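Take a look at the structure set out below.
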Amino acid sequence: MPKSLKNNSTPPPPPPTIPSSWAWYSHSPLRGLGLAREKLEIHAWDDSGHVYLLDTFGKLVAERRLPSDVIGVARADTGSRLAAVTKEGWLWWLDEKLDVIGELNLHIDIISVAIDPHGDYVAISAQGSRLVIISRIPKVVGSVQTSQTYRYLSFVPATGRIIGVAEQGTVACHDLRGTLIWKETRGSRLAISLH
């Protein structure tokens with residue numbers, strides 16, 4: 001008998017079983033979705049500008065229609081903040097209930113968006129090889145010209161670093177001011193140390 005059950009103690013309850021399948025229908029075709037890993041909620045957005053939050057059982061938790069065509073959404077792993085962007089340059093900061101807590105028009109053609117795990121910073125890649133970093137105020141804290149336009153962005157947890165990937169095989173790392181830390185191109189050897 002395991003030691004933890006000796007003194008008539010009861011074992012902790014098992015975690016809830018997530019169903020193997022469920023269905024949910026959006027207002028229009030979905031453009032994308034993601035997962036807030038710590039909150040265990042799914043975020044999705046569609047062609048009509050709706051942003052949705054669902055639990056892992058497929059139940060709608062919150063919904064918000066934004067006034068423009070949403071091309072990208074990023075949500076903090078904690079679920080505390082969500083950033084939604086449009087091609088025309090609008091950034092909306094939303095809270096865990098999808099209430100708008102800030103908005104900013106950057107007047108740039110946005111390509112991609114990422115948010116740090118705690119929802120404190122957003123990184124945006126734009127046409128013309130631009131990388132913009134915004135704090136939750138919202139305030140631009142970094143804006144730099146990159147060698148190529150990043151198609152994908154991601155924050156490295158607990159480092160304050162942003163990884164950008166371009167179509168031509170370039171992978172680069174920037175700090176929260178946008179300063180280039182390192183860059184590698186296709187055909188190069190890549191070793192990462194974020195100490």
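Chain identifiers are assigned as A, B, and so on, following the order in which chains appear in the structure tokens; residues are numbered from 1 within each chain, and ligands are numbered from 1 in order of appearance.
Taking only C-alpha atoms, the non-local environment of segment 47-49 of chain A within 10 Å (same-chain residues fewer than 4 positions away omitted) comprises Ser26, His27, Ser28, Pro29, Leu30, Arg31, Gly32, Arg64, Arg65, Leu66, Pro67, Ser68, Asp69, Val70, Ile71, Ala84 and Thr86 of chain A.
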Go ahead and save the picked residues with N, CA, C and O atoms, as a PDB file, in the first residue's frame.
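Contents of part.pdb, freshly written:
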```pdb
ATOM      1  N   SER A  26     -18.931  28.718 -35.041  1.00  0.00           N
ATOM      2  CA  SER A  26     -18.678  30.163 -35.025  1.00  0.00           C
ATOM      3  C   SER A  26     -19.638  30.854 -35.986  1.00  0.00           C
ATOM      4  O   SER A  26     -20.353  30.207 -36.747  1.00  0.00           O
ATOM      5  N   HIS A  27     -19.638  32.199 -35.948  1.00  0.00           N
ATOM      6  CA  HIS A  27     -20.514  32.987 -36.824  1.00  0.00           C
ATOM      7  C   HIS A  27     -20.102  32.876 -38.289  1.00  0.00           C
ATOM      8  O   HIS A  27     -20.947  32.936 -39.179  1.00  0.00           O
ATOM      9  N   SER A  28     -18.818  32.784 -38.565  1.00  0.00           N
ATOM     10  CA  SER A  28     -18.289  32.641 -39.922  1.00  0.00           C
ATOM     11  C   SER A  28     -17.072  31.725 -39.884  1.00  0.00           C
ATOM     12  O   SER A  28     -16.657  31.324 -38.811  1.00  0.00           O
ATOM     13  N   PRO A  29     -16.491  31.443 -41.044  1.00  0.00           N
ATOM     14  CA  PRO A  29     -15.326  30.554 -41.065  1.00  0.00           C
ATOM     15  C   PRO A  29     -14.201  31.061 -40.147  1.00  0.00           C
ATOM     16  O   PRO A  29     -13.910  32.259 -40.118  1.00  0.00           O
ATOM     17  N   LEU A  30     -13.599  30.145 -39.417  1.00  0.00           N
ATOM     18  CA  LEU A  30     -12.516  30.508 -38.508  1.00  0.00           C
ATOM     19  C   LEU A  30     -11.257  30.873 -39.273  1.00  0.00           C
ATOM     20  O   LEU A  30     -10.939  30.286 -40.300  1.00  0.00           O
ATOM     21  N   ARG A  31     -10.524  31.840 -38.747  1.00  0.00           N
ATOM     22  CA  ARG A  31      -9.229  32.236 -39.296  1.00  0.00           C
ATOM     23  C   ARG A  31      -8.077  31.640 -38.514  1.00  0.00           C
ATOM     24  O   ARG A  31      -6.980  31.505 -39.021  1.00  0.00           O
ATOM     25  N   GLY A  32      -8.320  31.365 -37.227  1.00  0.00           N
ATOM     26  CA  GLY A  32      -7.246  30.807 -36.416  1.00  0.00           C
ATOM     27  C   GLY A  32      -7.716  30.486 -35.013  1.00  0.00           C
ATOM     28  O   GLY A  32      -8.828  30.838 -34.622  1.00  0.00           O
ATOM     29  N   ARG A  64     -16.564  38.457 -28.387  1.00  0.00           N
ATOM     30  CA  ARG A  64     -16.514  39.899 -28.644  1.00  0.00           C
ATOM     31  C   ARG A  64     -16.394  40.102 -30.140  1.00  0.00           C
ATOM     32  O   ARG A  64     -15.599  39.446 -30.803  1.00  0.00           O
ATOM     33  N   ARG A  65     -17.198  41.011 -30.676  1.00  0.00           N
ATOM     34  CA  ARG A  65     -17.049  41.393 -32.082  1.00  0.00           C
ATOM     35  C   ARG A  65     -16.287  42.697 -32.119  1.00  0.00           C
ATOM     36  O   ARG A  65     -16.691  43.679 -31.509  1.00  0.00           O
ATOM     37  N   LEU A  66     -15.160  42.697 -32.815  1.00  0.00           N
ATOM     38  CA  LEU A  66     -14.346  43.899 -32.949  1.00  0.00           C
ATOM     39  C   LEU A  66     -14.747  44.641 -34.215  1.00  0.00           C
ATOM     40  O   LEU A  66     -15.248  44.027 -35.163  1.00  0.00           O
ATOM     41  N   PRO A  67     -14.531  45.957 -34.268  1.00  0.00           N
ATOM     42  CA  PRO A  67     -15.045  46.761 -35.376  1.00  0.00           C
ATOM     43  C   PRO A  67     -14.300  46.639 -36.694  1.00  0.00           C
ATOM     44  O   PRO A  67     -14.625  47.337 -37.642  1.00  0.00           O
ATOM     45  N   SER A  68     -13.325  45.775 -36.772  1.00  0.00           N
ATOM     46  CA  SER A  68     -12.564  45.641 -38.008  1.00  0.00           C
ATOM     47  C   SER A  68     -12.196  44.182 -38.234  1.00  0.00           C
ATOM     48  O   SER A  68     -12.385  43.336 -37.375  1.00  0.00           O
ATOM     49  N   ASP A  69     -11.636  43.905 -39.391  1.00  0.00           N
ATOM     50  CA  ASP A  69     -11.266  42.567 -39.810  1.00  0.00           C
ATOM     51  C   ASP A  69     -10.032  42.078 -39.044  1.00  0.00           C
ATOM     52  O   ASP A  69      -8.928  42.568 -39.265  1.00  0.00           O
ATOM     53  N   VAL A  70     -10.205  41.149 -38.122  1.00  0.00           N
ATOM     54  CA  VAL A  70      -9.113  40.644 -37.290  1.00  0.00           C
ATOM     55  C   VAL A  70      -8.278  39.649 -38.096  1.00  0.00           C
ATOM     56  O   VAL A  70      -8.804  38.687 -38.637  1.00  0.00           O
ATOM     57  N   ILE A  71      -6.951  39.885 -38.156  1.00  0.00           N
ATOM     58  CA  ILE A  71      -6.072  38.968 -38.891  1.00  0.00           C
ATOM     59  C   ILE A  71      -5.201  38.125 -37.979  1.00  0.00           C
ATOM     60  O   ILE A  71      -4.603  37.156 -38.410  1.00  0.00           O
ATOM     61  N   ALA A  84      -5.484  41.466 -30.181  1.00  0.00           N
ATOM     62  CA  ALA A  84      -6.071  41.221 -31.501  1.00  0.00           C
ATOM     63  C   ALA A  84      -5.613  42.341 -32.431  1.00  0.00           C
ATOM     64  O   ALA A  84      -5.577  43.507 -32.023  1.00  0.00           O
ATOM     65  N   THR A  86      -5.384  44.029 -36.680  1.00  0.00           N
ATOM     66  CA  THR A  86      -5.935  44.082 -38.030  1.00  0.00           C
ATOM     67  C   THR A  86      -4.825  44.424 -39.011  1.00  0.00           C
ATOM     68  O   THR A  86      -3.786  44.979 -38.620  1.00  0.00           O
TER      69      THR A  86
END
```
Within 9 Å of segment 171-178 of chain A: each segment 65-160 of chain A residue with its shortest pair, only C-alpha atoms, as a tab-separated table:
```
residue	atom	partner	partner_atom	distance
A:Tyr121	CA	A:Leu176	CA	8.1
A:Ala123	CA	A:Leu176	CA	8.6
A:Leu131	CA	A:Gly178	CA	7.0
A:Val132	CA	A:Gly178	CA	7.3
A:Ile133	CA	A:Leu176	CA	6.6
A:Ile134	CA	A:Leu176	CA	8.7
A:Val141	CA	A:Arg177	CA	6.0
A:Gly142	CA	A:Arg177	CA	4.2
A:Ser143	CA	A:Gly178	CA	6.1
A:Val144	CA	A:Gly178	CA	5.9
A:Gln145	CA	A:Gly178	CA	8.9
A:Tyr150	CA	A:Val171	CA	8.7
A:Thr159	CA	A:Asp175	CA	8.7
A:Gly160	CA	A:Leu176	CA	6.0
```
Selected residue of minimal separation from Thr149 of chain A among A:Leu35, A:Ala114, A:Ile124, A:Ile137, counting only C-alpha atoms: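 Under the stated criterion, the closest residue is A:Ile124.
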Atom CA of Ser9 of chain A to atom CA of Lys39 of chain A, distance in Å rounded to a single decimal: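 Separation of atom CA of Ser9 of chain A and atom CA of Lys39 of chain A: 29.4 Å.
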Segment 1-97 of chain A: residues DSSP assigns to strand (DSSP E or B), reported as a ChimeraX atom specification: /A:30-36,41-46,50-55,60-65,70-75,82-86,90-94
Shortest interatomic distance to Leu53 of chain A - which of A:Arg81, A:His118, A:His107, A:Lys183, counting only C-alpha atoms: A:Arg81
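Here atom CA of Thr56 of chain A and atom CA of Arg37 of chain A stand 10.9 Å from one another.
Across the model, the gap from atom CA of Glu103 of chain A to atom CA of Ile181 of chain A is 29.1 Å.
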Using only C-alpha atoms: which of A:Asp46, A:Asp55, A:Glu96, A:Glu38 has the shortest distance to Gly72 of chain A: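 Comparing A:Asp46, A:Asp55, A:Glu96, A:Glu38 against Gly72 of chain A, the winner is A:Asp46.
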